[in-house]
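To start, the structure under review is shown below, and the notes come after it.
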Amino acid sequence: MIEVQIAGAGAGKTYGLAESLVEHIKACTNHKKTFALTYTNSATAKIEQEMIKQHGFIPPNLYIQTVHSFLLNEIIYPFSSFTLGDVYNDPSIMILPSDVKYKNSLYRRLRERNVIHAENVYNIAKQIVDEKVSKHNTRAKRAKVIRLLAILENCFDKIFIDEVQDLDSDALRIFEILGCNGIDVYMIGDPKQAIKYPTALDTFVAKVSVQQYATILKINNQTRRVPKEILAVSNSFCYADQQQESLSEIVGELSYVESVDARYDELLNGYIETKQIVCIDKRTGRYSTSSKIKHSFPQEIEEMIRESNHKKDKNLIVKAAFADFIDDVAKGGARVAINRLKTRNSLALNGYHYHQLNELCNKCAEDNVQFKIQSIDSVKGLDADTCVIVVTPNVMKYLTKNKLASASYFNKEWKKVYVALTRAKKELVLALDHELLSDSDMAVVRDSIGALGFVYHD
């Protein structure tokens, strides 16, 4: 059985999920596993904290983990050889090439070493449990899938999934299969915040709503976090039946600040230092949304460095090589950095390796960066007293909906704006950087945001 609960920003999804978990655990009398799944490690930590707050401890038969961890540990590692004939025993999060040919080549290289890339987890897991995929083209192969689902039914009691809008169509299909094969699945999320896969949850809900094994619960349109003054703006980005009602007693503030103001840099740095949310839709100009330490060498190149004739600690050698590489990128550019890496470590690089390293250089280069802030994608699920949105031309277009074609409504960029607008518990600030908005008439910009209720930040 599948239950789907739609709930908007600030509706208390994590609290409600923990409450449902507590009720289920208290009523559960069997030996089976119960899972609470979400998209990120930080989100699983929130569920753990809420469970301890409400229940006092985390029961031994409750497993709180990311969807990726669940699929790897419960589906892919133990059963990929059973239904697919492929063995996977290790994951990779190495940077993927943008070129499809190189990407598929990387997947093949990893599979030869029994490694699965994180980006391929949903698809491989679906192939394992879905008898309708082309790989299960004989009766014997389909029988194995049916046998596997019977095994899982005997092991899994119920699966709770938070932030379900972050799943793609393959992941949703996996849980649909589990839900109609004797495993209870409860999903909660907000399609208005579906940034990475804008249409996947909507399509899934429309598909399963007519099935006997699925129940679509009444939409929760209340928000405990967002004041009504801010909802006056964010509600214009909601579906017709999902406009929110505020339960907050705080009077929300809408303001803006401009980069020509002498206080601009000080204000932004102050918000960053006090852990308020400062976000932008993508890295641009003097605003960075990434950290160099998040990057690493592609796995093959890392292994080549490890295997070179160094007598020192292999892990330290790799870390030192990466630090030198990043410095060389900053000082001399990609070509210099790659050549020095090759020379220092006596690496035999082919065209594929050069492509990988150039991709890494592009991601690590930090030109003219002054502010380290967050991407809108990364602040989903977070909140703070103040949220500052650095306005790019793209955000401005969606915010004002000026000459915005109806085909762009509820797309990825539209949903990013909704997410950004619903992070603040007290004050929502628009940061107008004249360099980013150099092609805009600032008088028109001021009039446009003034019409939405934003006033100059005193």
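Each chain in the structure tokens gets a letter, A, B, ..., in the order shown, and its residues are numbered from 1; ligands are numbered from 1 in order too.
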
Q) If we count only C-alpha atoms, what is near Val455 of chain A at a cut-off of 9 Å, once residues fewer than 6 positions away on the same chain are taken out, given as a PyMOL selection string? A) chain A and resi 253-257+446+449

Q.
Applying 12 Å and only C-alpha atoms, which residues near Ala240 of chain A remain after dropping the ones on its own chain fewer than 4 positions away? List them as number ranges by chain.
A. A: 192, 221, 235-236, 244, 410

(Q) Can you pull out every residue from segment 180-407 of chain A that DSSP, working from the backbone, puts in strand (DSSP E or B), and format the result as a ChimeraX atom specification? (A) /A:184-189,214-216,220,222-223,245-246,253-258,277-280,284,287-288,371-372,374-375,384-390

Using the selection just defined, write its residues with N, CA, C and O atoms as a short mmCIF file (atom, residue, chain, number, x, y, z; two decimals), in the first residue's frame.
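Once written, out00.cif looks like this:
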data_model
loop_
_atom_site.label_atom_id
_atom_site.label_comp_id
_atom_site.auth_asym_id
_atom_site.auth_seq_id
_atom_site.Cartn_x
_atom_site.Cartn_y
_atom_site.Cartn_z
N ASP A 184 4.34 -1.61 2.90
CA ASP A 184 3.72 -0.29 3.07
C ASP A 184 4.75 0.82 2.83
O ASP A 184 5.87 0.76 3.35
N VAL A 185 4.35 1.81 2.03
CA VAL A 185 5.23 2.93 1.72
C VAL A 185 4.47 4.23 1.97
O VAL A 185 3.38 4.43 1.43
N TYR A 186 5.03 5.07 2.82
CA TYR A 186 4.45 6.39 3.11
C TYR A 186 5.40 7.46 2.58
O TYR A 186 6.58 7.49 2.93
N MET A 187 4.89 8.32 1.70
CA MET A 187 5.71 9.36 1.09
C MET A 187 5.17 10.74 1.46
O MET A 187 3.96 10.96 1.41
N ILE A 188 6.08 11.65 1.81
CA ILE A 188 5.66 13.02 2.07
C ILE A 188 6.63 13.96 1.38
O ILE A 188 7.84 13.75 1.38
N GLY A 189 6.09 15.00 0.76
CA GLY A 189 6.94 15.95 0.06
C GLY A 189 6.13 17.08 -0.53
O GLY A 189 4.93 17.20 -0.32
N ALA A 214 -2.87 2.68 -3.98
CA ALA A 214 -2.37 3.99 -3.57
C ALA A 214 -3.48 4.88 -3.03
O ALA A 214 -4.62 4.84 -3.49
N THR A 215 -3.13 5.69 -2.02
CA THR A 215 -4.04 6.68 -1.45
C THR A 215 -3.34 8.03 -1.44
O THR A 215 -2.23 8.14 -0.91
N ILE A 216 -3.96 9.04 -2.02
CA ILE A 216 -3.42 10.39 -1.99
C ILE A 216 -4.12 11.14 -0.86
O ILE A 216 -5.34 11.37 -0.92
N ASN A 220 -1.70 19.25 2.84
CA ASN A 220 -1.47 20.12 4.00
C ASN A 220 -0.93 21.45 3.49
O ASN A 220 0.24 21.55 3.12
N GLN A 222 -0.91 24.33 5.27
CA GLN A 222 -0.56 25.24 6.36
C GLN A 222 0.96 25.31 6.52
O GLN A 222 1.66 24.35 6.24
N THR A 223 1.45 26.46 6.94
CA THR A 223 2.88 26.62 7.23
C THR A 223 3.05 27.23 8.60
O THR A 223 2.41 28.23 8.93
N GLU A 245 -1.50 28.80 3.97
CA GLU A 245 -2.03 29.63 5.04
C GLU A 245 -1.02 29.64 6.17
O GLU A 245 -0.52 28.59 6.58
N SER A 246 -0.69 30.82 6.69
CA SER A 246 0.33 30.93 7.73
C SER A 246 -0.25 30.78 9.13
O SER A 246 -1.27 31.38 9.47
N GLU A 253 8.88 40.72 7.22
CA GLU A 253 9.40 41.93 6.59
C GLU A 253 9.94 41.60 5.20
O GLU A 253 10.61 40.58 5.01
N LEU A 254 9.66 42.48 4.26
CA LEU A 254 10.17 42.36 2.89
C LEU A 254 11.02 43.60 2.61
O LEU A 254 10.53 44.72 2.71
N SER A 255 12.30 43.39 2.26
CA SER A 255 13.17 44.54 2.02
C SER A 255 14.17 44.22 0.93
O SER A 255 14.32 43.08 0.50
N TYR A 256 14.88 45.25 0.46
CA TYR A 256 15.95 45.05 -0.52
C TYR A 256 17.10 45.98 -0.22
O TYR A 256 16.95 47.00 0.44
N VAL A 257 18.29 45.59 -0.68
CA VAL A 257 19.49 46.39 -0.52
C VAL A 257 20.25 46.36 -1.84
O VAL A 257 20.20 45.37 -2.57
N GLU A 258 20.92 47.45 -2.18
CA GLU A 258 21.61 47.56 -3.47
C GLU A 258 23.12 47.62 -3.27
O GLU A 258 23.61 48.16 -2.27
N ILE A 277 20.50 32.64 6.07
CA ILE A 277 20.56 32.04 4.74
C ILE A 277 20.82 33.13 3.71
O ILE A 277 20.06 34.10 3.61
N VAL A 278 21.90 33.00 2.98
CA VAL A 278 22.22 33.89 1.87
C VAL A 278 22.41 32.99 0.65
O VAL A 278 23.29 32.12 0.65
N CYS A 279 21.58 33.16 -0.37
CA CYS A 279 21.59 32.20 -1.47
C CYS A 279 21.47 32.87 -2.83
O CYS A 279 21.07 34.04 -2.95
N ILE A 280 21.81 32.11 -3.86
CA ILE A 280 21.75 32.58 -5.24
C ILE A 280 21.41 31.37 -6.10
O ILE A 280 21.67 30.22 -5.70
N THR A 284 27.95 32.91 -9.86
CA THR A 284 28.18 33.93 -10.88
C THR A 284 28.88 35.13 -10.27
O THR A 284 28.74 35.40 -9.07
N TYR A 287 30.11 35.83 -6.50
CA TYR A 287 29.39 34.96 -5.57
C TYR A 287 29.68 33.50 -5.91
O TYR A 287 29.44 33.04 -7.02
N SER A 288 30.20 32.77 -4.94
CA SER A 288 30.50 31.36 -5.12
C SER A 288 29.56 30.50 -4.28
O SER A 288 29.23 30.86 -3.15
N PHE A 371 32.13 36.50 -2.09
CA PHE A 371 31.18 35.99 -1.12
C PHE A 371 30.97 34.48 -1.30
O PHE A 371 30.65 34.02 -2.40
N LYS A 372 31.15 33.72 -0.23
CA LYS A 372 30.84 32.29 -0.23
C LYS A 372 29.44 32.13 0.33
O LYS A 372 29.22 32.27 1.54
N GLN A 374 25.28 30.14 -0.38
CA GLN A 374 24.68 28.85 -0.71
C GLN A 374 23.87 28.94 -1.99
O GLN A 374 23.35 29.99 -2.35
N SER A 375 23.77 27.82 -2.67
CA SER A 375 22.87 27.75 -3.82
C SER A 375 21.45 27.55 -3.31
O SER A 375 21.24 27.02 -2.21
N ALA A 384 15.80 30.09 8.45
CA ALA A 384 16.53 31.03 9.30
C ALA A 384 15.64 32.25 9.52
O ALA A 384 14.65 32.45 8.80
N ASP A 385 15.98 33.07 10.50
CA ASP A 385 15.20 34.29 10.72
C ASP A 385 15.21 35.16 9.48
O ASP A 385 14.19 35.74 9.10
N THR A 386 16.39 35.24 8.84
CA THR A 386 16.52 36.07 7.64
C THR A 386 17.00 35.23 6.47
O THR A 386 17.88 34.39 6.62
N CYS A 387 16.40 35.44 5.33
CA CYS A 387 16.88 34.83 4.09
C CYS A 387 17.18 35.94 3.10
O CYS A 387 16.31 36.78 2.83
N VAL A 388 18.40 35.95 2.57
CA VAL A 388 18.82 36.94 1.58
C VAL A 388 18.93 36.23 0.23
O VAL A 388 19.64 35.23 0.11
N ILE A 389 18.24 36.75 -0.76
CA ILE A 389 18.33 36.20 -2.12
C ILE A 389 19.12 37.18 -2.98
O ILE A 389 18.70 38.32 -3.18
N VAL A 390 20.29 36.74 -3.46
CA VAL A 390 21.05 37.56 -4.40
C VAL A 390 20.36 37.42 -5.75
O VAL A 390 20.29 36.33 -6.32
#

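Between Ala43 of chain A and the candidates A:Thr422, A:Ser20, A:Asn137, A:Ser378, the tightest atom-to-atom separation, counting only C-alpha atoms, involves A:Ser378.
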
Q | Distance criterion (only C-alpha atoms): nearest to Ala7 of chain A out of A:Arg224, A:Arg147, A:His457, A:Arg306 | A | A:Arg224

**Q.** Contact residues around segment 22-36 of chain A with only C-alpha atoms at 7 Å, ignoring same-chain residues under 3 positions, as a PyMOL selection string
**A.** chain A and resi 18-19+55+61-65+155-161

Residue subset to file, keeping N, CA, C and O atoms, as a CSV table (one decimal), in the first residue's frame:
chain,number,residue,atom,x,y,z
A,18,ALA,N,8.2,12.0,11.9
A,18,ALA,CA,8.7,11.4,13.2
A,18,ALA,C,7.5,11.0,14.0
A,18,ALA,O,7.6,9.9,14.7
A,19,GLU,N,6.5,11.8,14.1
A,19,GLU,CA,5.3,11.4,14.8
A,19,GLU,C,4.7,10.1,14.3
A,19,GLU,O,4.3,9.2,15.1
A,55,HIS,N,10.5,10.3,21.0
A,55,HIS,CA,10.4,8.9,21.4
A,55,HIS,C,11.4,8.5,22.5
A,55,HIS,O,11.2,7.5,23.2
A,61,ASN,N,14.9,-1.7,15.4
A,61,ASN,CA,14.4,-2.1,14.1
A,61,ASN,C,14.0,-1.0,13.1
A,61,ASN,O,13.4,-1.2,12.1
A,62,LEU,N,14.4,0.3,13.5
A,62,LEU,CA,14.2,1.4,12.7
A,62,LEU,C,15.5,1.9,12.1
A,62,LEU,O,16.5,2.1,12.8
A,63,TYR,N,15.6,2.0,10.8
A,63,TYR,CA,16.8,2.4,10.1
A,63,TYR,C,16.6,3.7,9.4
A,63,TYR,O,15.7,3.8,8.5
A,64,ILE,N,17.3,4.7,9.8
A,64,ILE,CA,17.2,6.1,9.3
A,64,ILE,C,18.4,6.3,8.4
A,64,ILE,O,19.5,6.3,8.9
A,65,GLN,N,18.1,6.5,7.1
A,65,GLN,CA,19.2,6.6,6.2
A,65,GLN,C,18.8,7.4,4.9
A,65,GLN,O,17.6,7.6,4.7
A,155,CYS,N,11.0,-9.1,4.6
A,155,CYS,CA,12.1,-8.4,5.4
A,155,CYS,C,11.6,-7.0,5.8
A,155,CYS,O,12.0,-6.5,6.9
A,156,PHE,N,10.9,-6.3,4.9
A,156,PHE,CA,10.5,-4.9,5.2
A,156,PHE,C,9.1,-4.8,5.7
A,156,PHE,O,8.2,-5.4,5.1
A,157,ASP,N,8.9,-4.0,6.7
A,157,ASP,CA,7.6,-3.7,7.2
A,157,ASP,C,7.0,-2.5,6.6
A,157,ASP,O,5.9,-2.6,5.9
A,158,LYS,N,7.6,-1.4,6.8
A,158,LYS,CA,7.1,-0.1,6.2
A,158,LYS,C,8.3,0.8,5.9
A,158,LYS,O,9.3,0.8,6.6
A,159,ILE,N,8.1,1.6,4.8
A,159,ILE,CA,9.1,2.6,4.4
A,159,ILE,C,8.5,4.0,4.4
A,159,ILE,O,7.5,4.2,3.8
A,160,PHE,N,9.1,4.9,5.2
A,160,PHE,CA,8.7,6.3,5.3
A,160,PHE,C,9.7,7.1,4.5
A,160,PHE,O,10.9,7.0,4.7
A,161,ILE,N,9.2,7.9,3.6
A,161,ILE,CA,10.1,8.7,2.7
A,161,ILE,C,9.8,10.2,2.9
A,161,ILE,O,8.7,10.6,2.6

Q | Residue neighbourhood Leu149 of chain A, 12 Å, only C-alpha atoms, exclusion window fewer than 3 positions, as a list in words | A | Glu74, Ile75, Phe79, Phe82, Thr83, Ile128, Val129, Asp130, Glu131, Arg142, Ala143, Lys144, Val145, Ile146, Leu152, Glu153, Asn154, Cys155, Phe156, Ile174, Phe175, Ile177, Leu178, Gly179, Cys180, Asn181, Gly182 and Ile183 of chain A

Q: Can you pull out every residue within 8 Å of segment 196-204 of chain A, counting only C-alpha atoms, but drop anything in the same chain fewer than 3 positions away, and send it as a PyMOL selection string?
A: chain A and resi 164-169+172+191+193+207-208+410-412+415

I need the chosen residues saved as a short mmCIF file (atom, residue, chain, number, x, y, z; two decimals), in the first residue's frame, with all heavy atoms.
data_model
loop_
_atom_site.label_atom_id
_atom_site.label_comp_id
_atom_site.auth_asym_id
_atom_site.auth_seq_id
_atom_site.Cartn_x
_atom_site.Cartn_y
_atom_site.Cartn_z
N VAL A 164 10.09 13.58 -0.71
CA VAL A 164 9.98 12.65 -1.83
C VAL A 164 10.08 13.36 -3.18
O VAL A 164 10.37 12.73 -4.21
CB VAL A 164 8.67 11.84 -1.72
CG1 VAL A 164 7.45 12.71 -2.02
CG2 VAL A 164 8.71 10.62 -2.62
N GLN A 165 9.91 14.69 -3.19
CA GLN A 165 10.03 15.43 -4.45
C GLN A 165 11.46 15.43 -5.00
O GLN A 165 11.69 15.80 -6.15
CB GLN A 165 9.55 16.88 -4.28
CG GLN A 165 10.51 17.81 -3.54
CD GLN A 165 10.42 17.70 -2.04
OE1 GLN A 165 9.51 17.05 -1.51
NE2 GLN A 165 11.32 18.34 -1.32
N ASP A 166 12.43 15.00 -4.19
CA ASP A 166 13.81 14.96 -4.64
C ASP A 166 14.15 13.69 -5.42
O ASP A 166 15.27 13.53 -5.89
CB ASP A 166 14.77 15.07 -3.45
CG ASP A 166 14.72 16.46 -2.81
OD1 ASP A 166 14.43 17.43 -3.52
OD2 ASP A 166 14.97 16.55 -1.59
N LEU A 167 13.20 12.77 -5.55
CA LEU A 167 13.44 11.51 -6.25
C LEU A 167 13.08 11.64 -7.73
O LEU A 167 12.14 12.34 -8.09
CB LEU A 167 12.62 10.38 -5.62
CG LEU A 167 12.81 10.15 -4.12
CD1 LEU A 167 12.05 8.92 -3.69
CD2 LEU A 167 14.29 10.01 -3.77
N ASP A 168 13.83 10.92 -8.57
CA ASP A 168 13.51 10.93 -9.99
C ASP A 168 12.50 9.83 -10.31
O ASP A 168 12.05 9.09 -9.42
CB ASP A 168 14.78 10.83 -10.84
CG ASP A 168 15.42 9.45 -10.78
OD1 ASP A 168 14.89 8.54 -10.10
OD2 ASP A 168 16.48 9.26 -11.43
N SER A 169 12.14 9.70 -11.57
CA SER A 169 11.10 8.74 -11.96
C SER A 169 11.52 7.30 -11.69
O SER A 169 10.69 6.46 -11.35
CB SER A 169 10.75 8.92 -13.45
OG SER A 169 11.91 8.78 -14.26
N LEU A 172 11.09 6.70 -7.88
CA LEU A 172 9.66 6.61 -7.57
C LEU A 172 9.07 5.29 -8.06
O LEU A 172 8.21 4.69 -7.39
CB LEU A 172 8.92 7.79 -8.20
CG LEU A 172 9.23 9.15 -7.56
CD1 LEU A 172 8.70 10.28 -8.43
CD2 LEU A 172 8.63 9.25 -6.17
N PRO A 191 5.72 19.02 -4.23
CA PRO A 191 6.09 19.14 -5.65
C PRO A 191 6.51 20.56 -6.04
O PRO A 191 7.20 20.74 -7.04
CB PRO A 191 4.81 18.70 -6.39
CG PRO A 191 3.71 18.86 -5.40
CD PRO A 191 4.31 18.60 -4.06
N GLN A 193 8.64 22.22 -4.54
CA GLN A 193 10.07 22.30 -4.26
C GLN A 193 10.87 21.26 -5.05
O GLN A 193 12.03 21.00 -4.74
CB GLN A 193 10.32 22.12 -2.77
CG GLN A 193 9.67 23.18 -1.89
CD GLN A 193 10.03 23.02 -0.43
OE1 GLN A 193 11.20 23.10 -0.05
NE2 GLN A 193 9.03 22.77 0.40
N LYS A 207 -0.25 9.24 -11.85
CA LYS A 207 -0.26 7.83 -12.26
C LYS A 207 -0.86 6.93 -11.19
O LYS A 207 -1.73 6.09 -11.47
CB LYS A 207 1.17 7.39 -12.60
CG LYS A 207 1.30 5.91 -12.92
CD LYS A 207 2.76 5.52 -13.07
CE LYS A 207 2.90 4.02 -13.27
NZ LYS A 207 4.33 3.59 -13.33
N VAL A 208 -0.40 7.07 -9.93
CA VAL A 208 -0.83 6.13 -8.89
C VAL A 208 -2.17 6.49 -8.28
O VAL A 208 -2.79 5.66 -7.60
CB VAL A 208 0.24 6.00 -7.78
CG1 VAL A 208 1.57 5.56 -8.36
CG2 VAL A 208 0.38 7.29 -6.99
N PHE A 410 6.13 26.70 -13.33
CA PHE A 410 6.35 25.47 -12.58
C PHE A 410 7.52 24.63 -13.14
O PHE A 410 7.56 23.42 -12.91
CB PHE A 410 5.07 24.64 -12.49
CG PHE A 410 3.93 25.38 -11.86
CD1 PHE A 410 2.86 25.82 -12.63
CD2 PHE A 410 3.96 25.70 -10.52
CE1 PHE A 410 1.83 26.54 -12.05
CE2 PHE A 410 2.92 26.41 -9.94
CZ PHE A 410 1.85 26.85 -10.71
N ASN A 411 8.42 25.29 -13.85
CA ASN A 411 9.62 24.56 -14.27
C ASN A 411 10.67 24.63 -13.16
O ASN A 411 10.41 25.11 -12.05
CB ASN A 411 10.16 25.09 -15.60
CG ASN A 411 10.68 26.52 -15.48
OD1 ASN A 411 10.77 27.09 -14.40
ND2 ASN A 411 11.05 27.11 -16.61
N LYS A 412 11.88 24.18 -13.45
CA LYS A 412 12.94 24.12 -12.46
C LYS A 412 13.25 25.49 -11.86
O LYS A 412 13.38 25.64 -10.64
CB LYS A 412 14.19 23.52 -13.11
CG LYS A 412 15.40 23.43 -12.20
CD LYS A 412 16.56 22.76 -12.94
CE LYS A 412 17.77 22.63 -12.04
NZ LYS A 412 18.89 21.93 -12.74
N LYS A 415 10.49 26.84 -9.55
CA LYS A 415 10.47 26.17 -8.25
C LYS A 415 11.65 26.59 -7.38
O LYS A 415 11.54 26.60 -6.15
CB LYS A 415 10.42 24.66 -8.46
CG LYS A 415 9.08 24.23 -9.09
CD LYS A 415 8.94 22.74 -9.25
CE LYS A 415 7.56 22.40 -9.82
NZ LYS A 415 7.28 20.97 -9.87
#

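Distances here use only C-alpha atoms; by that measure, the residue among A:Ala337, A:Met442, A:Ile219, A:Leu432 closest to Val4 of chain A is A:Ile219.
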
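Picture a line from atom CA of Glu48 of chain A to atom CA of Thr66 of chain A; it runs 12.0 Å.
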
Q: Please measure the separation of atom CA of Leu357 of chain A and atom CA of Asn345 of chain A, giving the value in Å to one decimal.
A: 14.5 Å
